[in-house]
file input_21.cif (mmCIF, C-alpha atoms)
data_protein
#
loop_
_atom_site.label_atom_id
_atom_site.label_comp_id
_atom_site.auth_asym_id
_atom_site.auth_seq_id
_atom_site.Cartn_x
_atom_site.Cartn_y
_atom_site.Cartn_z
CA MET N 132 -14.39 24.11 -14.27
CA SER N 133 -17.08 21.57 -13.40
CA SER N 134 -16.84 17.82 -13.98
CA ALA N 135 -19.48 18.01 -16.70
CA GLU N 136 -17.55 20.72 -18.58
CA SER N 137 -14.31 18.78 -18.28
CA LEU N 138 -15.89 15.58 -19.59
CA SER N 139 -17.47 17.49 -22.46
CA MET N 140 -14.11 18.94 -23.47
CA ALA N 141 -12.39 15.56 -23.14
CA GLY N 142 -14.91 13.81 -25.36
CA ARG N 143 -15.63 16.57 -27.90
CA ASN N 144 -13.76 14.92 -30.72
CA HIS N 145 -14.62 11.29 -29.99
CA GLY N 146 -18.24 11.24 -28.93
CA GLY N 147 -17.10 10.36 -25.42
CA PRO N 148 -13.95 10.68 -23.34
CA SER N 149 -11.24 8.05 -23.75
CA LEU N 150 -10.14 6.18 -20.67
CA ALA N 151 -6.84 8.08 -20.56
CA ALA N 152 -8.62 11.41 -20.91
CA LEU N 153 -11.13 10.46 -18.23
CA LEU N 154 -8.32 9.42 -15.88
CA ARG N 155 -6.53 12.72 -16.48
CA VAL N 156 -9.69 14.76 -15.90
CA GLU N 157 -10.61 12.89 -12.72
CA LEU N 158 -7.09 13.22 -11.33
CA LEU N 159 -6.98 16.96 -12.04
CA LEU N 160 -10.38 17.47 -10.43
CA ALA N 161 -9.35 15.44 -7.38
CA LEU N 162 -6.12 17.42 -6.95
CA ARG N 163 -8.10 20.67 -6.92
CA LYS N 164 -10.07 19.50 -3.88
CA ARG N 165 -7.21 19.95 -1.44
CA ALA N 166 -9.39 19.72 1.65
CA ASP N 167 -10.72 16.33 0.55
CA ILE N 168 -7.14 15.12 0.22
CA ALA N 169 -5.84 16.69 3.42
CA ASN N 170 -8.64 15.70 5.82
CA PRO N 171 -8.09 11.91 5.76
CA LEU N 172 -4.32 12.34 6.02
CA LEU N 173 -4.61 14.77 8.95
CA PHE N 174 -7.07 12.43 10.68
CA PHE N 175 -4.71 9.47 10.16
CA VAL N 176 -1.63 11.27 11.47
CA THR N 177 -3.35 13.13 14.32
CA VAL N 178 -5.09 10.12 15.86
CA LEU N 179 -1.97 7.95 15.72
CA ALA N 180 0.15 10.80 17.11
CA LEU N 181 -2.24 11.07 20.07
CA LEU N 182 -2.23 7.33 20.75
CA PRO N 183 0.91 7.35 22.96
CA LEU N 184 -0.68 10.10 25.05
CA GLY N 185 -3.79 8.00 25.61
CA VAL N 186 -2.32 4.54 26.29
CA GLY N 187 1.06 5.53 27.66
CA PRO N 188 4.55 5.74 26.20
CA GLU N 189 5.65 2.17 27.04
CA PRO N 190 7.54 0.90 23.95
CA ASP N 191 6.36 -2.72 24.28
CA LEU N 192 2.70 -1.71 24.54
CA LEU N 193 2.94 0.63 21.56
CA ALA N 194 4.70 -2.07 19.53
CA ARG N 195 1.86 -4.53 20.24
CA LEU N 196 -0.80 -1.97 19.32
CA ALA N 197 0.94 -0.50 16.27
CA PRO N 198 -0.13 -2.94 13.50
CA GLY N 199 -3.80 -2.97 14.44
CA MET N 200 -4.03 0.75 15.18
CA ILE N 201 -2.34 1.80 11.94
CA TRP N 202 -4.63 -0.45 9.94
CA VAL N 203 -7.81 0.64 11.73
CA MET N 204 -6.94 4.32 11.32
CA ALA N 205 -6.16 3.78 7.63
CA LEU N 206 -9.55 2.11 7.22
CA LEU N 207 -11.37 4.98 8.93
CA ALA N 208 -9.41 7.61 7.00
CA THR N 209 -10.33 5.90 3.73
CA LEU N 210 -13.98 5.75 4.78
CA LEU N 211 -13.89 9.45 5.69
CA SER N 212 -13.27 10.42 2.07
CA GLN N 213 -15.65 7.95 0.42
CA GLU N 214 -18.81 10.01 0.88
CA SER N 215 -17.79 12.58 -1.73
CA LEU N 216 -16.63 10.04 -4.34
CA PHE N 217 -19.61 10.56 -6.69
CA ARG N 218 -21.28 13.50 -4.95
CA SER N 219 -20.13 16.41 -7.13
CA ASP N 220 -20.62 14.43 -10.34
CA PHE N 221 -24.16 13.53 -9.28
CA GLU N 222 -25.01 17.13 -8.43
CA ASP N 223 -23.65 18.72 -11.64
CA GLY N 224 -25.06 16.05 -13.97
CA SER N 225 -21.76 14.60 -15.20
CA LEU N 226 -22.55 11.24 -13.59
CA GLU N 227 -25.67 10.96 -15.74
CA GLN N 228 -23.60 12.02 -18.75
CA GLN N 229 -21.15 9.21 -18.06
CA ALA N 230 -24.01 6.71 -17.67
CA LEU N 231 -25.39 7.74 -21.10
CA SER N 232 -22.05 7.82 -22.90
CA SER N 233 -20.71 5.07 -25.17
CA GLN N 234 -18.09 4.13 -22.57
CA PRO N 235 -19.25 1.43 -20.13
CA LEU N 236 -19.94 2.90 -16.71
CA TYR N 237 -17.75 0.11 -15.29
CA PHE N 238 -14.61 1.89 -16.48
CA ALA N 239 -15.73 5.28 -15.19
CA VAL N 240 -16.28 3.79 -11.73
CA LEU N 241 -12.96 1.93 -11.88
CA ILE N 242 -11.14 5.16 -12.76
CA LYS N 243 -12.94 7.02 -9.96
CA ALA N 244 -11.82 4.39 -7.46
CA ALA N 245 -8.27 4.42 -8.84
CA VAL N 246 -8.04 8.21 -8.50
CA HIS N 247 -9.46 7.99 -4.97
CA TRP N 248 -6.71 5.51 -4.10
CA LEU N 249 -4.02 7.69 -5.68
CA VAL N 250 -4.96 10.75 -3.60
CA THR N 251 -5.97 8.94 -0.39
CA GLY N 252 -4.84 5.32 -0.08
CA LEU N 253 -1.38 5.76 -1.59
CA PRO N 254 -0.41 8.70 0.69
CA LEU N 255 -1.75 6.79 3.71
CA ALA N 256 0.41 3.78 2.82
CA LEU N 257 3.49 5.93 2.24
CA LEU N 258 3.01 7.67 5.60
CA SER N 259 2.60 4.42 7.51
CA PRO N 260 6.32 3.60 8.02
CA MET N 261 6.89 7.02 9.63
CA LEU N 262 3.96 6.45 11.99
CA GLY N 263 5.17 2.92 12.65
CA LEU N 264 8.49 4.36 13.76
CA MET N 265 6.67 6.73 16.10
CA LEU N 266 4.74 3.77 17.58
CA ASN N 267 7.88 1.66 18.00
CA LEU N 268 6.88 -0.87 15.34
CA PRO N 269 9.62 -3.53 15.10
CA ALA N 270 11.87 -3.25 12.05
CA ALA N 271 10.65 -6.56 10.65
CA GLY N 272 7.16 -5.16 10.13
CA TYR N 273 7.84 -2.09 7.98
CA PHE N 274 8.00 -3.70 4.55
CA CYS N 275 4.94 -5.85 5.17
CA LEU N 276 3.04 -2.86 6.58
CA LEU N 277 3.72 -0.81 3.45
CA VAL N 278 2.85 -3.58 0.98
CA SER N 279 -0.25 -4.69 2.87
CA LEU N 280 -1.56 -1.12 3.04
CA LEU N 281 -0.91 -0.57 -0.66
CA LEU N 282 -3.03 -3.64 -1.44
CA GLY N 283 -5.59 -3.08 1.30
CA THR N 284 -6.33 0.59 0.68
CA ALA N 285 -6.85 -0.14 -3.02
CA SER N 286 -9.41 -2.80 -2.12
CA MET N 287 -11.12 -0.41 0.29
CA SER N 288 -11.35 2.32 -2.37
CA LEU N 289 -13.08 -0.14 -4.70
CA ILE N 290 -15.41 -1.52 -2.03
CA GLY N 291 -16.20 1.98 -0.81
CA ALA N 292 -17.24 2.95 -4.34
CA VAL N 293 -20.15 0.51 -4.04
CA GLY N 294 -21.36 2.14 -0.83
CA ALA N 295 -20.86 5.63 -2.26
CA ALA N 296 -22.89 4.69 -5.35
CA LEU N 297 -25.72 3.24 -3.26
CA THR N 298 -25.97 6.40 -1.15
CA VAL N 299 -25.13 9.08 -3.74
CA ALA N 300 -28.69 10.41 -3.89
CA LEU N 301 -28.99 10.84 -0.12
CA ARG N 302 -28.37 14.19 1.56
CA ARG N 303 -26.39 12.83 4.52
CA PRO N 304 -25.22 9.32 3.68
CA GLY N 305 -22.35 9.11 6.19
CA LEU N 306 -23.82 6.64 8.69
CA LEU N 307 -25.52 4.47 6.07
CA LEU N 308 -22.34 4.40 4.00
CA ALA N 309 -20.37 3.19 7.02
CA LEU N 310 -22.95 0.48 7.76
CA ILE N 311 -22.77 -0.76 4.17
CA VAL N 312 -19.01 -0.90 3.67
CA MET N 313 -17.62 -1.64 7.14
CA PRO N 314 -18.57 -5.34 7.10
CA LEU N 315 -16.94 -5.65 3.66
CA TYR N 316 -13.75 -4.04 4.98
CA VAL N 317 -13.37 -6.63 7.74
CA PRO N 318 -11.59 -9.35 5.68
CA VAL N 319 -9.11 -6.77 4.38
CA LEU N 320 -8.47 -5.57 7.93
CA ILE N 321 -8.01 -9.09 9.30
CA PHE N 322 -5.51 -10.22 6.68
CA GLY N 323 -3.72 -6.86 6.65
CA THR N 324 -3.06 -6.81 10.38
CA GLY N 325 -2.36 -10.54 10.34
CA ALA N 326 0.34 -10.10 7.71
CA VAL N 327 2.11 -7.36 9.68
CA GLN N 328 1.90 -9.31 12.92
CA ALA N 329 3.26 -12.43 11.22
CA ALA N 330 6.21 -10.42 9.87
CA ILE N 331 6.92 -9.00 13.33
CA ASP N 332 6.79 -12.47 14.91
CA GLY N 333 9.16 -13.88 12.31
CA TYR N 334 6.61 -16.03 10.49
CA VAL N 335 5.93 -16.26 6.77
CA PHE N 336 3.60 -13.44 5.73
CA GLY N 337 3.38 -14.21 2.02
CA PRO N 338 0.05 -16.09 2.26
CA GLN N 339 -1.69 -13.12 3.90
CA LEU N 340 -0.36 -10.77 1.22
CA ALA N 341 -1.49 -13.22 -1.46
CA ILE N 342 -4.99 -13.20 0.02
CA LEU N 343 -4.96 -9.38 0.05
CA ALA N 344 -3.95 -9.43 -3.62
CA ALA N 345 -6.77 -11.88 -4.37
CA LEU N 346 -9.25 -9.64 -2.55
CA LEU N 347 -8.01 -6.69 -4.61
CA ALA N 348 -8.43 -8.64 -7.85
CA ALA N 349 -11.96 -9.68 -6.87
CA ALA N 350 -12.83 -6.11 -5.86
CA ALA N 351 -11.46 -4.72 -9.14
CA ALA N 352 -13.60 -7.18 -11.11
CA LEU N 353 -16.85 -7.02 -9.13
CA ALA N 354 -17.05 -3.71 -7.24
CA PRO N 355 -17.25 -1.45 -10.33
CA LEU N 356 -20.05 -3.63 -11.72
CA ALA N 357 -22.01 -3.34 -8.48
CA ALA N 358 -21.33 0.39 -8.21
CA ALA N 359 -22.37 0.99 -11.84
CA GLY N 360 -25.65 -0.82 -11.20
CA ALA N 361 -26.24 1.20 -8.02
CA ILE N 362 -25.55 4.46 -9.88
CA ARG N 363 -28.09 3.59 -12.58
CA ILE N 364 -30.69 2.84 -9.90
CA SER N 365 -29.95 6.15 -8.16
CA LEU N 366 -30.22 8.06 -11.45
CA ASP N 367 -33.51 6.36 -12.33
CA ASN N 368 -34.97 7.36 -8.98
#
call {"tool": "encode", "arguments": {"input": "input_21.cif", "output": "structure tokens"}}
result
Amino acid sequence: MSSAESLSMAGRNHGGPSLAALLRVELLLALRKRADIANPLLFFVTVLALLPLGVGPEPDLLARLAPGMIWVMALLATLLSQESLFRSDFEDGSLEQQALSSQPLYFAVLIKAAVHWLVTGLPLALLSPMLGLMLNLPAAGYFCLLVSLLLGTASMSLIGAVGAALTVALRRPGLLLALIVMPLYVPVLIFGTGAVQAAIDGYVFGPQLAILAALLAAAAALAPLAAAGAIRISLDN
């Protein structure tokens, strides 16, 4: 079943799909694309598993590298799956249907980003303690690593939606998408790794987590607006 058919069925009785129905449809469609779910996770695990082979098995060196490497690989894994965020909906016409429906496009984009986080960012965050153990991450850093990645990957899914919307009409948007969103990911990366390092060193890490939460709130408010505008421009062209 295509996205357009699913949306039509969800909104048949109401003139447009409700937010709950749209969330359910998007989640079901995302779960059917198993390769899109598996590829970022395999990339994340494989690269971090190979790290000790490349830099050496010294526990102290791996412990110093662990926070930054886990965060960088989570960022790249999230970016890897952003390209297809709106692609299938754009190609089958359901994105235009959503833009013309009575529901604001803001909510459709927000739900898309939320589903992307549920199938990509959330598994990455849940896998991170296991990979931290493999990289000899000190025990003090595990809780902060998990919480910071939960907040950070959600922000990256929202920010990435803007880049995906801007490049949805392009045939091969990978490089341009990376150039658009990578600078916007930098604050999330800085405060995420800073929080984990502060926890490892025994310092207070609450302020960094608070900043990550503030970045998430700002992204949730602004990114869907920007992405909705970019989608309308892409559809008009």
call {"tool": "atom_distance", "arguments": {"input": "input_21.cif", "atom1": "atom CA of Asp167 of chain N", "atom2": "atom CA of Leu226 of chain N"}}
result
19.1 Å
call {"tool": "resolve_selection", "arguments": {"input": "input_21.cif", "expression": "the PyMOL selection byres ((chain N and resi 170-187) around 8)", "output": "count of residues only"}}
result
21
call {"tool": "atom_distance", "arguments": {"input": "input_21.cif", "atom1": "atom CA of Leu356 of chain N", "atom2": "atom CA of Lys243 of chain N"}}
result
12.9 Å
call {"tool": "resolve_selection", "arguments": {"input": "input_21.cif", "expression": "the PyMOL selection byres ((chain N and resi 158) around 9)", "output": "number ranges by chain"}}
result
N: 153-157, 159-163, 243, 246-247, 249-250
call {"tool": "write_last_selection", "arguments": {"input": "input_21.cif", "atoms": "C-alpha atoms", "output": "PDB file, in the coordinates of the input"}}
result
ATOM      1  CA  LEU N 153     -11.130  10.460 -18.230  1.00  0.00           C
ATOM      2  CA  LEU N 154      -8.320   9.420 -15.880  1.00  0.00           C
ATOM      3  CA  ARG N 155      -6.530  12.720 -16.480  1.00  0.00           C
ATOM      4  CA  VAL N 156      -9.690  14.760 -15.900  1.00  0.00           C
ATOM      5  CA  GLU N 157     -10.610  12.890 -12.720  1.00  0.00           C
ATOM      6  CA  LEU N 159      -6.980  16.960 -12.040  1.00  0.00           C
ATOM      7  CA  LEU N 160     -10.380  17.470 -10.430  1.00  0.00           C
ATOM      8  CA  ALA N 161      -9.350  15.440  -7.380  1.00  0.00           C
ATOM      9  CA  LEU N 162      -6.120  17.420  -6.950  1.00  0.00           C
ATOM     10  CA  ARG N 163      -8.100  20.670  -6.920  1.00  0.00           C
ATOM     11  CA  LYS N 243     -12.940   7.020  -9.960  1.00  0.00           C
ATOM     12  CA  VAL N 246      -8.040   8.210  -8.500  1.00  0.00           C
ATOM     13  CA  HIS N 247      -9.460   7.990  -4.970  1.00  0.00           C
ATOM     14  CA  LEU N 249      -4.020   7.690  -5.680  1.00  0.00           C
ATOM     15  CA  VAL N 250      -4.960  10.750  -3.600  1.00  0.00           C
TER      16      VAL N 250
END
call {"tool": "closest_atom_pairs", "arguments": {"input": "input_21.cif", "of": "segment 271-317 of chain N", "to": "segment 325-332 of chain N", "cutoff": "12 Å", "atoms": "all atoms listed in the file", "output": "JSON lines"}}
result
{"residue": "N:Ala271", "atom": "CA", "partner": "N:Ile331", "partner_atom": "CA", "distance": 5.2}
{"residue": "N:Gly272", "atom": "CA", "partner": "N:Ile331", "partner_atom": "CA", "distance": 5.0}
{"residue": "N:Tyr273", "atom": "CA", "partner": "N:Val327", "partner_atom": "CA", "distance": 8.0}
{"residue": "N:Phe274", "atom": "CA", "partner": "N:Val327", "partner_atom": "CA", "distance": 8.6}
{"residue": "N:Cys275", "atom": "CA", "partner": "N:Val327", "partner_atom": "CA", "distance": 5.5}
{"residue": "N:Leu276", "atom": "CA", "partner": "N:Val327", "partner_atom": "CA", "distance": 5.5}
{"residue": "N:Leu277", "atom": "CA", "partner": "N:Val327", "partner_atom": "CA", "distance": 9.2}
{"residue": "N:Val278", "atom": "CA", "partner": "N:Val327", "partner_atom": "CA", "distance": 9.5}
{"residue": "N:Ser279", "atom": "CA", "partner": "N:Ala326", "partner_atom": "CA", "distance": 7.3}
{"residue": "N:Leu280", "atom": "CA", "partner": "N:Val327", "partner_atom": "CA", "distance": 9.8}
{"residue": "N:Leu282", "atom": "CA", "partner": "N:Ala326", "partner_atom": "CA", "distance": 11.7}
{"residue": "N:Gly283", "atom": "CA", "partner": "N:Ala326", "partner_atom": "CA", "distance": 11.2}
{"residue": "N:Val317", "atom": "CA", "partner": "N:Gly325", "partner_atom": "CA", "distance": 12.0}
call {"tool": "resolve_selection", "arguments": {"input": "input_21.cif", "expression": "the PyMOL selection byres ((chain N and resi 239) around 10)", "output": "ChimeraX atom specification"}}
result
/N:148,150,153-154,157,226,229-230,234-238,240-245,355,359
call {"tool": "closest_residue", "arguments": {"input": "input_21.cif", "among": "N:Gly252, N:Gly294, N:Gly224, N:Pro260", "to": "Ala197 of chain N", "atoms": "all atoms listed in the file"}}
result
N:Pro260
call {"tool": "axis_aligned_box", "arguments": {"input": "input_21.cif", "around": "segment 181-193 of chain N", "padding_each_side": "3 Å", "output": "JSON"}}
result
{"center_x": 1.9, "center_y": 4.2, "center_z": 23.9, "size_x": 17.3, "size_y": 19.8, "size_z": 13.6}
call {"tool": "atom_distance", "arguments": {"input": "input_21.cif", "atom1": "atom CA of Pro318 of chain N", "atom2": "atom CA of Gln213 of chain N"}}
result
18.5 Å
call {"tool": "closest_residue", "arguments": {"input": "input_21.cif", "among": "N:Leu210, N:Val203, N:Leu340, N:Ile290", "to": "Ser259 of chain N", "atoms": "all atoms listed in the file"}}
result
N:Val203
